[in-house]
Amino acid sequence: MRSFLPMSRIVRRAAAMALTAGLLASSPHAFAVVGGAPDNGPLAAATIMVLGSNGGVCSGVVLADDVIATAAHCVTRAPEHRAHFRADDGTPVLLEIADIVVHPEYDADAIRTRRRSIDLALLRVTRPLPARFEPAILTGADLRSGAVAALGGYGTRDESDRTGRMTGAFHRVELPIVEPYGPSAVLVWLSAPRGQTRGACEGDSGGPIASPDGAVFAVTTWSTGTGGRACGELSQGVRLGPQRSWIDATMSRWGRAARWR
């Protein structure tokens, strides 16, 4: 169990995000997922924002009415976090986090040291989400190179724009799975066809990666781009199937259960 200090920085950021979302709704640069499009379907209904007191923005996958999965790095780099969404009238809502469980094999220094890491965490909020949020159906299906997956999230800017403007809107993009480093039991990589710029961007970490039938099989953890950019070339996610026993055990302690297909 965690206790929290006042969230004034998160409140200000959430309010700004809600305002900016309305101002930029018609902007040609108001993208989050690079090369993606706004979406309000089932994947959006299973996704929420996760904010950090350091100004960090991530996405998260709803697993139960009070449980969210996200990337571990999204909840280990700031002292405080909140789940965020906008009420039907547009008012920013910030839900306190009752508990955070980081995967025991998460290694914050894994990229630099080239060590294995399970970049995954589960959050339990203090009160149920509104009925419009629908828990994701998870799958342990082992999709391989060539299969097309849907990646979605609440990313905050279009990397090619570089203005840092926030949209506060859910976007999704369809991407083929690639295996640049060979098949992995832990990770999945997605990349647009050569010459296209599409994929996860800043703020999409922790968001869903879904199979063609709509079941979520991974959450986004990392992205890279060309020409010094951080987005639009290769997107990486951590597979959920291999972590099913940990997910189920953690949720069981909270009296909850994930929906697996």
# chains A, B, ... in the order shown; residues from 1 in each chain; ligands from 1
call {"tool": "select_by_dssp", "arguments": {"residues": "stretch 13-245 of chain A", "states": "helix (DSSP H, G or I)", "output": "ChimeraX atom specification"}}
result
/A:13-23,42-45,72-74,110-113,241-245
call {"tool": "select_by_dssp", "arguments": {"residues": "stretch 32-110 of chain A", "states": "strand (DSSP E)", "output": "PyMOL selection string"}}
result
chain A and resi 37-38+47-52+57-64+67-70+81-86+92-102
call {"tool": "residues_around", "arguments": {"residues": "A:Ile48", "least_positions_apart": "6", "cutoff": "12 Å", "atoms": "only C-alpha atoms", "output": "PyMOL selection string"}}
result
chain A and resi 57-70+82-86+93-95+123+125+129-130+132-136+152-155+168-171+203-208
call {"tool": "write_last_selection", "arguments": {"atoms": "N, CA and C atoms", "output": "CSV table (one decimal), in the first residue's frame"}}
result
chain,number,residue,atom,x,y,z
A,57,VAL,N,3.8,11.0,-18.8
A,57,VAL,CA,2.5,10.5,-19.3
A,57,VAL,C,2.7,9.1,-19.9
A,58,CYS,N,1.9,8.2,-19.5
A,58,CYS,CA,1.9,6.8,-20.1
A,58,CYS,C,0.5,6.4,-20.4
A,59,SER,N,0.3,5.2,-21.0
A,59,SER,CA,-0.9,4.6,-21.2
A,59,SER,C,-1.0,3.4,-20.3
A,60,GLY,N,-2.2,2.8,-20.2
A,60,GLY,CA,-2.4,1.6,-19.4
A,60,GLY,C,-3.5,0.8,-19.9
A,61,VAL,N,-3.5,-0.5,-19.7
A,61,VAL,CA,-4.6,-1.4,-20.1
A,61,VAL,C,-5.4,-1.8,-19.0
A,62,VAL,N,-6.7,-1.6,-19.1
A,62,VAL,CA,-7.7,-1.9,-18.0
A,62,VAL,C,-7.9,-3.4,-18.0
A,63,LEU,N,-7.6,-4.0,-16.8
A,63,LEU,CA,-7.8,-5.5,-16.7
A,63,LEU,C,-9.0,-5.8,-15.8
A,64,ALA,N,-9.4,-4.9,-15.0
A,64,ALA,CA,-10.6,-5.1,-14.2
A,64,ALA,C,-11.1,-3.6,-13.9
A,65,ASP,N,-12.3,-3.5,-13.2
A,65,ASP,CA,-12.8,-2.1,-13.0
A,65,ASP,C,-11.9,-1.3,-12.1
A,66,ASP,N,-10.9,-1.9,-11.4
A,66,ASP,CA,-10.0,-1.1,-10.6
A,66,ASP,C,-8.5,-1.6,-10.8
A,67,VAL,N,-8.2,-2.3,-11.8
A,67,VAL,CA,-6.9,-2.8,-12.1
A,67,VAL,C,-6.4,-2.4,-13.5
A,68,ILE,N,-5.2,-1.9,-13.5
A,68,ILE,CA,-4.6,-1.5,-14.8
A,68,ILE,C,-3.2,-2.1,-14.9
A,69,ALA,N,-2.9,-2.5,-16.1
A,69,ALA,CA,-1.5,-3.0,-16.5
A,69,ALA,C,-0.8,-1.9,-17.2
A,70,THR,N,0.5,-1.6,-17.0
A,70,THR,CA,1.2,-0.6,-17.7
A,70,THR,C,2.7,-1.1,-17.7
A,82,ARG,N,-1.1,8.8,-10.8
A,82,ARG,CA,-2.5,8.7,-10.8
A,82,ARG,C,-3.0,8.2,-12.1
A,83,ALA,N,-4.2,7.5,-12.1
A,83,ALA,CA,-4.8,7.1,-13.4
A,83,ALA,C,-5.7,8.3,-13.7
A,84,HIS,N,-5.7,8.6,-15.0
A,84,HIS,CA,-6.4,9.9,-15.5
A,84,HIS,C,-7.3,9.6,-16.6
A,85,PHE,N,-8.5,10.2,-16.6
A,85,PHE,CA,-9.5,10.2,-17.7
A,85,PHE,C,-10.3,11.4,-17.6
A,86,ARG,N,-11.1,11.7,-18.6
A,86,ARG,CA,-12.0,12.9,-18.6
A,86,ARG,C,-13.4,12.4,-18.4
A,93,VAL,N,-10.4,13.8,-14.4
A,93,VAL,CA,-10.5,13.0,-13.2
A,93,VAL,C,-9.2,12.3,-12.9
A,94,LEU,N,-8.8,12.3,-11.7
A,94,LEU,CA,-7.5,11.7,-11.2
A,94,LEU,C,-7.8,10.7,-10.1
A,95,LEU,N,-7.5,9.4,-10.4
A,95,LEU,CA,-7.8,8.4,-9.4
A,95,LEU,C,-6.5,8.0,-8.7
A,123,LEU,N,-1.4,-2.0,-11.5
A,123,LEU,CA,-1.9,-0.9,-10.5
A,123,LEU,C,-3.3,-1.2,-10.1
A,125,VAL,N,-6.4,0.9,-8.5
A,125,VAL,CA,-6.9,2.3,-8.1
A,125,VAL,C,-7.9,2.2,-7.0
A,129,LEU,N,-13.5,2.3,-12.0
A,129,LEU,CA,-13.6,3.1,-13.2
A,129,LEU,C,-15.0,3.2,-13.7
A,130,PRO,N,-15.4,4.2,-14.4
A,130,PRO,CA,-16.7,4.3,-15.0
A,130,PRO,C,-17.1,3.1,-15.9
A,132,ARG,N,-18.0,3.0,-18.8
A,132,ARG,CA,-17.5,3.1,-20.2
A,132,ARG,C,-16.2,2.4,-20.4
A,133,PHE,N,-15.4,2.1,-19.4
A,133,PHE,CA,-14.2,1.4,-19.5
A,133,PHE,C,-14.5,-0.1,-19.5
A,134,GLU,N,-14.0,-0.9,-20.4
A,134,GLU,CA,-14.3,-2.3,-20.5
A,134,GLU,C,-13.0,-3.1,-20.4
A,135,PRO,N,-12.8,-3.9,-19.4
A,135,PRO,CA,-11.6,-4.7,-19.2
A,135,PRO,C,-11.2,-5.4,-20.5
A,136,ALA,N,-9.9,-5.4,-20.8
A,136,ALA,CA,-9.4,-6.0,-22.1
A,136,ALA,C,-9.5,-7.5,-21.9
A,152,GLY,N,-2.1,0.8,-29.7
A,152,GLY,CA,-2.8,2.0,-29.3
A,152,GLY,C,-2.3,2.7,-28.1
A,153,GLY,N,-2.6,4.0,-27.9
A,153,GLY,CA,-2.2,4.7,-26.7
A,153,GLY,C,-2.6,6.1,-26.7
A,154,TYR,N,-2.3,6.8,-25.6
A,154,TYR,CA,-2.6,8.2,-25.3
A,154,TYR,C,-1.3,9.0,-25.4
A,155,GLY,N,-0.5,8.7,-26.4
A,155,GLY,CA,0.8,9.4,-26.6
A,155,GLY,C,0.5,10.9,-26.7
A,168,GLY,N,-4.3,14.3,-25.6
A,168,GLY,CA,-5.2,13.7,-24.7
A,168,GLY,C,-6.2,12.8,-25.3
A,169,ALA,N,-6.0,12.3,-26.5
A,169,ALA,CA,-6.9,11.4,-27.3
A,169,ALA,C,-6.2,10.1,-27.6
A,170,PHE,N,-7.1,9.0,-27.6
A,170,PHE,CA,-6.6,7.7,-27.9
A,170,PHE,C,-6.4,7.6,-29.4
A,171,HIS,N,-5.3,7.0,-29.8
A,171,HIS,CA,-5.0,6.7,-31.2
A,171,HIS,C,-4.6,5.3,-31.4
A,203,GLY,N,4.5,8.7,-24.5
A,203,GLY,CA,3.2,8.6,-23.9
A,203,GLY,C,2.4,7.3,-24.2
A,204,ASP,N,2.9,6.5,-25.2
A,204,ASP,CA,2.2,5.3,-25.5
A,204,ASP,C,2.7,4.1,-24.7
A,205,SER,N,3.8,4.3,-24.0
A,205,SER,CA,4.3,3.1,-23.2
A,205,SER,C,3.2,2.7,-22.2
A,206,GLY,N,3.0,1.3,-22.1
A,206,GLY,CA,2.0,0.8,-21.3
A,206,GLY,C,0.7,0.5,-22.0
A,207,GLY,N,0.6,1.0,-23.2
A,207,GLY,CA,-0.7,0.9,-24.0
A,207,GLY,C,-0.8,-0.5,-24.6
A,208,PRO,N,-1.9,-0.8,-25.1
A,208,PRO,CA,-2.2,-2.2,-25.6
A,208,PRO,C,-1.6,-2.5,-27.0
call {"tool": "closest_residue", "arguments": {"among": "A:Ala71, A:Leu51, A:Val216, A:Ala258", "to": "A:Trp246", "atoms": "only C-alpha atoms"}}
result
A:Ala258
call {"tool": "residues_around", "arguments": {"residues": "stretch 109-120 of chain A", "least_positions_apart": "2", "cutoff": "8 Å", "atoms": "only C-alpha atoms", "output": "short mmCIF file (atom, residue, chain, number, x, y, z; two decimals) with C-alpha atoms, in the first residue's frame"}}
result
data_model
loop_
_atom_site.label_atom_id
_atom_site.label_comp_id
_atom_site.auth_asym_id
_atom_site.auth_seq_id
_atom_site.Cartn_x
_atom_site.Cartn_y
_atom_site.Cartn_z
CA ALA A 69 -1.52 -2.97 -16.47
CA THR A 70 1.23 -0.64 -17.70
CA ALA A 71 4.96 -0.57 -18.34
CA ALA A 72 7.05 -0.77 -15.16
CA HIS A 73 9.16 2.22 -16.20
CA VAL A 102 6.21 -4.15 -10.39
CA HIS A 103 7.23 -7.38 -12.09
CA PRO A 104 10.08 -8.94 -10.06
CA GLU A 105 12.20 -9.31 -13.20
CA TYR A 106 12.02 -5.64 -14.19
CA ASP A 107 15.49 -4.12 -14.59
CA LEU A 122 -0.01 -3.76 -12.27
CA VAL A 186 9.41 -12.13 -23.79
CA GLY A 206 2.00 0.76 -21.27
CA THR A 221 7.53 -0.58 -23.70
CA VAL A 238 6.36 -7.11 -23.58
#
call {"tool": "atom_distance", "arguments": {"atom1": "atom CA of A:Val219", "atom2": "atom CA of A:Ala45"}}
result
15.3 Å
call {"tool": "residues_around", "arguments": {"residues": "A:Ser191", "least_positions_apart": "4", "cutoff": "12 Å", "atoms": "only C-alpha atoms", "output": "count of residues only"}}
result
33
call {"tool": "residues_around", "arguments": {"residues": "A:Gly52", "least_positions_apart": "5", "cutoff": "9 Å", "atoms": "only C-alpha atoms", "output": "PDB file with N, CA and C atoms, in the first residue's frame"}}
result
ATOM      1  N   ARG A   9       1.025  19.102  -9.228  1.00  0.00           N
ATOM      2  CA  ARG A   9       1.641  19.079 -10.562  1.00  0.00           C
ATOM      3  C   ARG A   9       0.832  18.219 -11.509  1.00  0.00           C
ATOM      4  N   ILE A  10       0.361  17.083 -11.035  1.00  0.00           N
ATOM      5  CA  ILE A  10      -0.440  16.209 -11.889  1.00  0.00           C
ATOM      6  C   ILE A  10      -1.770  16.867 -12.221  1.00  0.00           C
ATOM      7  N   VAL A  57       3.830  10.968 -18.788  1.00  0.00           N
ATOM      8  CA  VAL A  57       2.540  10.493 -19.278  1.00  0.00           C
ATOM      9  C   VAL A  57       2.730   9.117 -19.899  1.00  0.00           C
ATOM     10  N   CYS A  58       1.899   8.160 -19.507  1.00  0.00           N
ATOM     11  CA  CYS A  58       1.911   6.828 -20.097  1.00  0.00           C
ATOM     12  C   CYS A  58       0.482   6.394 -20.359  1.00  0.00           C
ATOM     13  N   CYS A  74       6.932   3.219 -16.304  1.00  0.00           N
ATOM     14  CA  CYS A  74       5.967   4.301 -16.154  1.00  0.00           C
ATOM     15  C   CYS A  74       5.669   4.624 -14.693  1.00  0.00           C
ATOM     16  N   VAL A  75       5.927   3.678 -13.783  1.00  0.00           N
ATOM     17  CA  VAL A  75       5.552   3.876 -12.378  1.00  0.00           C
ATOM     18  C   VAL A  75       6.732   3.737 -11.426  1.00  0.00           C
ATOM     19  N   ARG A  77       9.618   5.941 -11.947  1.00  0.00           N
ATOM     20  CA  ARG A  77      10.474   7.112 -12.169  1.00  0.00           C
ATOM     21  C   ARG A  77       9.948   8.371 -11.501  1.00  0.00           C
ATOM     22  N   ALA A  78       8.893   8.240 -10.716  1.00  0.00           N
ATOM     23  CA  ALA A  78       8.326   9.383 -10.000  1.00  0.00           C
ATOM     24  C   ALA A  78       7.787   8.890  -8.661  1.00  0.00           C
ATOM     25  N   PRO A  79       7.707   9.773  -7.669  1.00  0.00           N
ATOM     26  CA  PRO A  79       7.228   9.339  -6.349  1.00  0.00           C
ATOM     27  C   PRO A  79       5.724   9.130  -6.276  1.00  0.00           C
ATOM     28  N   GLU A  80       4.957   9.737  -7.191  1.00  0.00           N
ATOM     29  CA  GLU A  80       3.505   9.657  -7.139  1.00  0.00           C
ATOM     30  C   GLU A  80       2.941   9.414  -8.533  1.00  0.00           C
ATOM     31  N   HIS A  81       1.787   8.726  -8.575  1.00  0.00           N
ATOM     32  CA  HIS A  81       1.127   8.446  -9.845  1.00  0.00           C
ATOM     33  C   HIS A  81      -0.386   8.505  -9.661  1.00  0.00           C
ATOM     34  N   ARG A  82      -1.080   8.757 -10.772  1.00  0.00           N
ATOM     35  CA  ARG A  82      -2.537   8.738 -10.798  1.00  0.00           C
ATOM     36  C   ARG A  82      -3.003   8.163 -12.136  1.00  0.00           C
TER      37      ARG A  82
END
call {"tool": "closest_residue", "arguments": {"among": "A:Glu96, A:Arg244, A:Gly228, A:Glu202", "to": "A:Gly56", "atoms": "only C-alpha atoms"}}
result
A:Glu202
call {"tool": "closest_residue", "arguments": {"among": "A:Arg172, A:Arg253, A:Ser245, A:Arg239", "to": "A:Ala37", "atoms": "only C-alpha atoms"}}
result
A:Arg172
call {"tool": "atom_distance", "arguments": {"atom1": "atom CA of A:Leu240", "atom2": "atom CA of A:Ala218"}}
result
5.2 Å
call {"tool": "atom_distance", "arguments": {"atom1": "atom CA of A:Gly255", "atom2": "atom CA of A:Asp213"}}
result
27.7 Å
call {"tool": "decode", "arguments": {"residues": "stretch 138-202 of chain A", "atoms": "C-alpha atoms", "output": "JSON list (two decimals), in the first residue's frame"}}
result
[["chain", "number", "residue", "atom", "x", "y", "z"],
["A", 138, "LEU", "CA", -5.98, -10.94, -22.90],
["A", 139, "THR", "CA", -4.39, -13.69, -24.95],
["A", 140, "GLY", "CA", -1.24, -15.74, -24.78],
["A", 141, "ALA", "CA", -1.34, -16.30, -28.54],
["A", 142, "ASP", "CA", 2.16, -16.38, -29.99],
["A", 143, "LEU", "CA", 1.89, -14.12, -33.04],
["A", 144, "ARG", "CA", 4.90, -14.27, -35.30],
["A", 145, "SER", "CA", 6.52, -12.28, -38.09],
["A", 146, "GLY", "CA", 4.07, -11.07, -40.72],
["A", 147, "ALA", "CA", 0.97, -11.01, -38.51],
["A", 148, "VAL", "CA", -0.66, -7.58, -38.23],
["A", 149, "ALA", "CA", -1.32, -6.14, -34.77],
["A", 150, "ALA", "CA", -3.06, -3.00, -33.52],
["A", 151, "LEU", "CA", -1.05, -0.69, -31.27],
["A", 152, "GLY", "CA", -2.82, 2.03, -29.33],
["A", 153, "GLY", "CA", -2.18, 4.66, -26.70],
["A", 154, "TYR", "CA", -2.58, 8.16, -25.32],
["A", 155, "GLY", "CA", 0.78, 9.44, -26.57],
["A", 156, "THR", "CA", 1.27, 13.15, -26.12],
["A", 157, "ARG", "CA", 2.88, 14.32, -29.35],
["A", 158, "ASP", "CA", 3.77, 13.59, -32.94],
["A", 159, "GLU", "CA", 7.53, 12.96, -32.99],
["A", 160, "SER", "CA", 7.85, 14.57, -36.43],
["A", 161, "ASP", "CA", 6.22, 17.76, -35.10],
["A", 162, "ARG", "CA", 8.55, 18.14, -32.08],
["A", 163, "THR", "CA", 6.37, 20.83, -30.48],
["A", 164, "GLY", "CA", 5.49, 18.78, -27.41],
["A", 165, "ARG", "CA", 1.80, 19.52, -27.93],
["A", 166, "MET", "CA", -0.61, 17.24, -26.08],
["A", 167, "THR", "CA", -3.72, 15.65, -27.57],
["A", 168, "GLY", "CA", -5.18, 13.68, -24.68],
["A", 169, "ALA", "CA", -6.89, 11.44, -27.26],
["A", 170, "PHE", "CA", -6.55, 7.71, -27.91],
["A", 171, "HIS", "CA", -5.02, 6.73, -31.24],
["A", 172, "ARG", "CA", -4.30, 3.36, -32.85],
["A", 173, "VAL", "CA", -2.25, 2.13, -35.77],
["A", 174, "GLU", "CA", -1.99, -1.22, -37.56],
["A", 175, "LEU", "CA", 1.55, -2.62, -37.78],
["A", 176, "PRO", "CA", 3.08, -5.90, -38.94],
["A", 177, "ILE", "CA", 5.10, -7.93, -36.47],
["A", 178, "VAL", "CA", 8.80, -8.29, -37.28],
["A", 179, "GLU", "CA", 11.57, -10.32, -35.66],
["A", 180, "PRO", "CA", 14.74, -8.27, -36.12],
["A", 181, "TYR", "CA", 16.51, -10.16, -33.34],
["A", 182, "GLY", "CA", 14.85, -13.54, -33.84],
["A", 183, "PRO", "CA", 11.74, -14.93, -32.09],
["A", 184, "SER", "CA", 11.40, -13.91, -28.44],
["A", 185, "ALA", "CA", 9.47, -15.49, -25.57],
["A", 186, "VAL", "CA", 9.41, -12.13, -23.79],
["A", 187, "LEU", "CA", 9.19, -9.35, -26.37],
["A", 188, "VAL", "CA", 7.43, -8.51, -29.61],
["A", 189, "TRP", "CA", 8.53, -5.97, -32.22],
["A", 190, "LEU", "CA", 6.39, -4.15, -34.75],
["A", 191, "SER", "CA", 7.52, -2.01, -37.67],
["A", 192, "ALA", "CA", 5.83, -0.26, -40.57],
["A", 193, "PRO", "CA", 6.79, -1.19, -44.15],
["A", 194, "ARG", "CA", 9.93, 0.47, -45.45],
["A", 195, "GLY", "CA", 9.47, 4.14, -46.19],
["A", 196, "GLN", "CA", 6.55, 4.61, -43.78],
["A", 197, "THR", "CA", 6.69, 6.30, -40.37],
["A", 198, "ARG", "CA", 4.27, 4.59, -38.01],
["A", 199, "GLY", "CA", 4.39, 3.29, -34.45],
["A", 200, "ALA", "CA", 4.42, 4.10, -30.76],
["A", 201, "CYS", "CA", 5.57, 7.49, -29.52],
["A", 202, "GLU", "CA", 6.03, 9.39, -26.27]]
